[in-house]
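Below: the structure, in structure tokens.
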Amino acid sequence: MGWSEVEQAFNDAVEERVIPGATVVVRRGAEIAFEGAFGFRSIEPSRSPAKIETVYDLSSLTKALATTVAVMMLARDGKFRLDDRVTRFFPNFGVHGKTTVTFRHLLAHCSGLAAWRPFYQRIAEIEKSGRVNFMASHGAKEFAYEEIHREKPEAAPATKTIYSDLGFILLGETIEKVAGAALNRFCREKIFRPLGLRATDYIDISLVRSRRLEPVADMFAPTEICPSRKRLLVGEVDDENAFSMGGVAGHAGLFAPVREVDRLARELIACYAGRSDFVPQKIIREFWTRDTTVPGSTWALGWDTPSAEHSSSGHRFSPAAVGHLGFTGTSIWIEPESEVAISMLTNRVHPRRDNQKIREFRPKIHDLIMDALDGG
């Protein structure tokens, strides 16, 4: 087995319309073992090849690569502790029995908060009723935060695992409150710029609307023809709730090319090994350890770990590995001890989100890559 099999599998996946295209970087230690761009950046309105520099909508990788890293930094600086209650900063959050929810619960997806709510529909209704330009405004973002504060939980805290966008939207609000800065600004100044990530950022809808920011269309892998927005999304966040909040949220909204995802993975691995103090070793090791609050949960803090069966990471990663997936077709898996990282970006939702073929492809490609690493 070798890298030719990996390349063939990507080309086959493009041919079989599993994905329009993909970019991938495989790292082992200080070296990049393999990288490539396959297939197409876009197939509608016209075909355009994917390049290693193509910028993808990372979707829920935002949770791991922006929000969780920002939380690590605030924990490092003593701004809050993981076992602090959320009501320390948001007293109104305590309604409906949520007073004992902690930041650890939010990070480990066991706060009891619902997985998802269609805030964007409510925000659109408010705009239709006369609040001009409410959608994607600061007011819309505050509305979403207030809705989460008032939310009735679906389970008592620490009793059930529910993978929750709401929990991570709340973590985004916490970062803004504790840091005294917008989430995108904090991440840019404390994470992306210090690491030299020039093409990694949120895309603030208000700046696009005011023409202070004009995304260059051919840099981006487009996502879907959005049912609610009635257009092909290019350089505009796919997630409807993140869009309705202005493009900047704790659960989604980050855009990046694959080499910069890998660059961040490299830094986090170095922190884990104690070679970098970007995040202290003690903190990242706690975040990358499977949380034991809910028996049987695969979640660490802000990161997932491989499930015993049917993991998207395939069969070759150890239980100590960490990773995350994104709805748009993105993924990252890291083996901290052997310092292996596989960063894979696709736009499997282009042009329609109902393409689910990637579920079978992900474990297969990860196994092929690990085989090639062993043989290489």
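Simple scheme: letters A, B, ... for chains in structure tokens order, numbers from 1 for residues in each chain, numbers from 1 for ligands in the order shown.
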(request) Would you mind writing down, as a list in words, each residue of segment 202-333 of chain A that DSSP on the backbone assigns to strand (DSSP E or B)? (result)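 Taking segment 202-333 of chain A and keeping strand (DSSP E or B) only, one gets Tyr202, Phe220, Ile225, Cys226, Arg231, Leu232, Leu254, Phe255, Ala256, Trp299, Asp304, Val322, Gly323, His324, Leu325, Ser331, Ile332 and Trp333 of chain A.
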(request) Pick out the residues sitting within 8 Å of segment 245-248 of chain A, and hand them over as a PyMOL selection string; count only C-alpha atoms, and ignore anything fewer than 3 positions along from it in its own chain. (result) chain A and resi 135-138+140-141+144+183-184+202-206+236-237+241-242+252-254
(request) Excluding His310 of chain A and any residue of its chain fewer than 5 positions from it, enumerate the residues within 12 Å of it, using only C-alpha atoms, and give them as a ChimeraX atom specification. (result) /A:315-316,359-364
Take the selection from the previous step and output its residues with N, CA, C and O atoms, as a CSV table (one decimal), in the first residue's frame.
```
chain,number,residue,atom,x,y,z
A,315,HIS,N,-10.1,2.6,11.3
A,315,HIS,CA,-9.8,1.6,12.3
A,315,HIS,C,-8.4,1.7,12.9
A,315,HIS,O,-8.0,0.9,13.7
A,316,ARG,N,-7.6,2.7,12.4
A,316,ARG,CA,-6.2,2.7,12.8
A,316,ARG,C,-5.8,3.7,13.8
A,316,ARG,O,-4.7,3.7,14.3
A,359,ARG,N,-19.8,9.5,4.3
A,359,ARG,CA,-19.8,8.7,5.6
A,359,ARG,C,-19.0,7.4,5.4
A,359,ARG,O,-18.4,7.0,6.3
A,360,GLU,N,-19.2,6.8,4.2
A,360,GLU,CA,-18.4,5.6,4.0
A,360,GLU,C,-17.0,5.9,3.5
A,360,GLU,O,-16.0,5.1,3.8
A,361,PHE,N,-16.8,7.1,2.9
A,361,PHE,CA,-15.5,7.4,2.3
A,361,PHE,C,-14.5,7.8,3.5
A,361,PHE,O,-13.3,7.4,3.4
A,362,ARG,N,-14.9,8.5,4.5
A,362,ARG,CA,-14.0,9.0,5.5
A,362,ARG,C,-13.2,7.9,6.2
A,362,ARG,O,-12.0,8.0,6.2
A,363,PRO,N,-13.8,6.9,6.7
A,363,PRO,CA,-13.0,5.8,7.4
A,363,PRO,C,-12.1,5.1,6.4
A,363,PRO,O,-11.0,4.8,6.7
A,364,LYS,N,-12.6,4.9,5.2
A,364,LYS,CA,-11.8,4.2,4.2
A,364,LYS,C,-10.5,5.0,3.8
A,364,LYS,O,-9.4,4.5,3.8
```
(message) Report, in Å to a single decimal, how far apart atom CA of Leu207 of chain A and atom CA of Arg193 of chain A are.
(response)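 A separation of 19.4 Å between them.
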Could you produce a table of the residues of segment 218-250 of chain A lying within 7 Å of segment 42-66 of chain A, with the nearest pair of atoms per residue and their separation in Å rounded to one decimal, using only C-alpha atoms, ordered by chain and increasing residue number, as a Markdown table?
```
| residue | atom | partner | partner_atom | distance |
| --- | --- | --- | --- | --- |
| A:Met219 | CA | A:Thr54 | CA | 5.4 |
| A:Phe220 | CA | A:Val55 | CA | 4.7 |
| A:Ala221 | CA | A:Tyr56 | CA | 5.4 |
| A:Pro222 | CA | A:Ser42 | CA | 6.2 |
| A:Val237 | CA | A:Asp57 | CA | 6.6 |
| A:Gly250 | CA | A:Lys63 | CA | 6.2 |
```
(message) At a cut-off of 7 Å, using only C-alpha atoms, what residues contact segment 224-229 of chain A? Leave out same-chain residues fewer than 5 positions from it and give the result as a count of residues only.
(response) 5
(request) Using only C-alpha atoms, pick whichever of A:Val26, A:Leu195, A:Cys110, A:Leu264 has the shortest atom-to-atom distance to Gly296 of chain A. (result)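 Under the stated criterion, the closest residue is A:Cys110.
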(message) I need the helix (DSSP H, G or I) residues of segment 35-283 of chain A per DSSP on the backbone, written as a PyMOL selection string.
(response) chain A and resi 61-76+86-88+91-97+103-107+119-128+138-150+165-179+183-192+205-209+217-219+240-244+258-273+281-283
(request) Give me the residues within 12 Å of Asn11 of chain A as JSON, numbers by chain, counting only C-alpha atoms and dropping any in the same chain fewer than 5 places off. (result) {"A": [4, 5, 6, 16, 17, 18, 19, 20, 21, 22, 23, 36, 37, 38, 39, 40, 361, 365]}
How would the residues just picked look written out with N, CA and C atoms as a short mmCIF file (atom, residue, chain, number, x, y, z; two decimals), in the first residue's frame?
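result.cif, freshly written:
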```
data_model
loop_
_atom_site.label_atom_id
_atom_site.label_comp_id
_atom_site.auth_asym_id
_atom_site.auth_seq_id
_atom_site.Cartn_x
_atom_site.Cartn_y
_atom_site.Cartn_z
N SER A 4 -0.02 6.15 -3.85
CA SER A 4 -0.76 6.04 -5.12
C SER A 4 -2.18 5.52 -4.87
N GLU A 5 -2.33 4.62 -3.89
CA GLU A 5 -3.68 4.12 -3.54
C GLU A 5 -4.53 5.23 -2.93
N VAL A 6 -3.89 6.09 -2.14
CA VAL A 6 -4.61 7.23 -1.55
C VAL A 6 -5.09 8.17 -2.65
N GLU A 16 -17.07 9.23 -8.60
CA GLU A 16 -18.34 8.66 -8.13
C GLU A 16 -19.24 9.67 -7.43
N ARG A 17 -18.83 10.93 -7.48
CA ARG A 17 -19.62 12.04 -6.91
C ARG A 17 -19.85 11.90 -5.41
N VAL A 18 -18.88 11.29 -4.75
CA VAL A 18 -18.89 11.30 -3.28
C VAL A 18 -18.65 12.73 -2.80
N ILE A 19 -17.71 13.38 -3.49
CA ILE A 19 -17.32 14.77 -3.20
C ILE A 19 -17.01 15.44 -4.53
N PRO A 20 -17.20 16.77 -4.63
CA PRO A 20 -16.76 17.47 -5.84
C PRO A 20 -15.23 17.45 -5.96
N GLY A 21 -14.58 17.60 -4.79
CA GLY A 21 -13.12 17.63 -4.75
C GLY A 21 -12.68 17.65 -3.31
N ALA A 22 -11.36 17.69 -3.09
CA ALA A 22 -10.84 17.68 -1.72
C ALA A 22 -9.42 18.22 -1.71
N THR A 23 -9.02 18.75 -0.57
CA THR A 23 -7.61 19.03 -0.31
C THR A 23 -7.24 18.30 0.98
N GLY A 36 -2.23 17.04 -1.14
CA GLY A 36 -2.76 17.02 -2.50
C GLY A 36 -4.08 17.74 -2.61
N ALA A 37 -4.40 18.12 -3.84
CA ALA A 37 -5.71 18.70 -4.17
C ALA A 37 -6.29 17.83 -5.28
N PHE A 38 -7.55 17.46 -5.12
CA PHE A 38 -8.19 16.51 -6.04
C PHE A 38 -9.53 17.07 -6.50
N GLY A 39 -9.86 16.77 -7.76
CA GLY A 39 -11.18 17.10 -8.25
C GLY A 39 -11.40 18.58 -8.40
N PHE A 40 -12.59 19.02 -8.00
CA PHE A 40 -13.05 20.37 -8.35
C PHE A 40 -13.39 21.19 -7.12
N PHE A 361 -16.80 7.07 2.89
CA PHE A 361 -15.48 7.43 2.35
C PHE A 361 -14.49 7.80 3.45
N ILE A 365 -10.68 6.33 3.62
CA ILE A 365 -9.51 7.13 3.23
C ILE A 365 -8.54 7.27 4.41
#
```
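Residue nearest Ala265 of chain A, chosen from A:Asp12, A:Glu189, A:Asp304, A:Glu335 and counting only C-alpha atoms: A:Glu335.
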(message) Using only C-alpha atoms, which protein or nucleic acid residues come within 7 Å of Val25 of chain A? Drop anything in the same chain fewer than 5 positions from it, and give the result as a list in words.
(response)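 My list of contacting residues is Phe34, Glu35, Gly36, Val258, Arg259, Asp262, Ile342, Ser343 and Met344 of chain A.
Between Gly326 of chain A and the candidates A:Arg211, A:His251, A:His366, A:Arg185, the tightest atom-to-atom separation, counting only C-alpha atoms, involves A:His251.
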If we count only C-alpha atoms and set the cut-off at 8 Å, which residues sit around Ala199 of chain A, ignoring sequence neighbours fewer than 3 positions away in its own chain? Please answer as a tab-separated table (two decimals) with N, CA and C atoms, in the first residue's frame.
```tsv
chain	number	residue	atom	x	y	z
A	55	VAL	N	-9.90	27.89	-0.25
A	55	VAL	CA	-10.42	28.15	1.09
A	55	VAL	C	-11.79	27.48	1.23
A	255	PHE	N	-13.41	29.91	8.01
A	255	PHE	CA	-12.95	29.52	6.68
A	255	PHE	C	-11.43	29.38	6.71
A	256	ALA	N	-10.89	28.40	5.96
A	256	ALA	CA	-9.44	28.22	5.93
A	256	ALA	C	-9.04	27.31	4.78
A	257	PRO	N	-7.80	27.44	4.30
A	257	PRO	CA	-7.22	26.44	3.40
A	257	PRO	C	-6.57	25.34	4.21
A	260	GLU	N	-3.28	25.64	6.33
A	260	GLU	CA	-3.37	26.42	7.57
A	260	GLU	C	-4.07	25.62	8.68
```
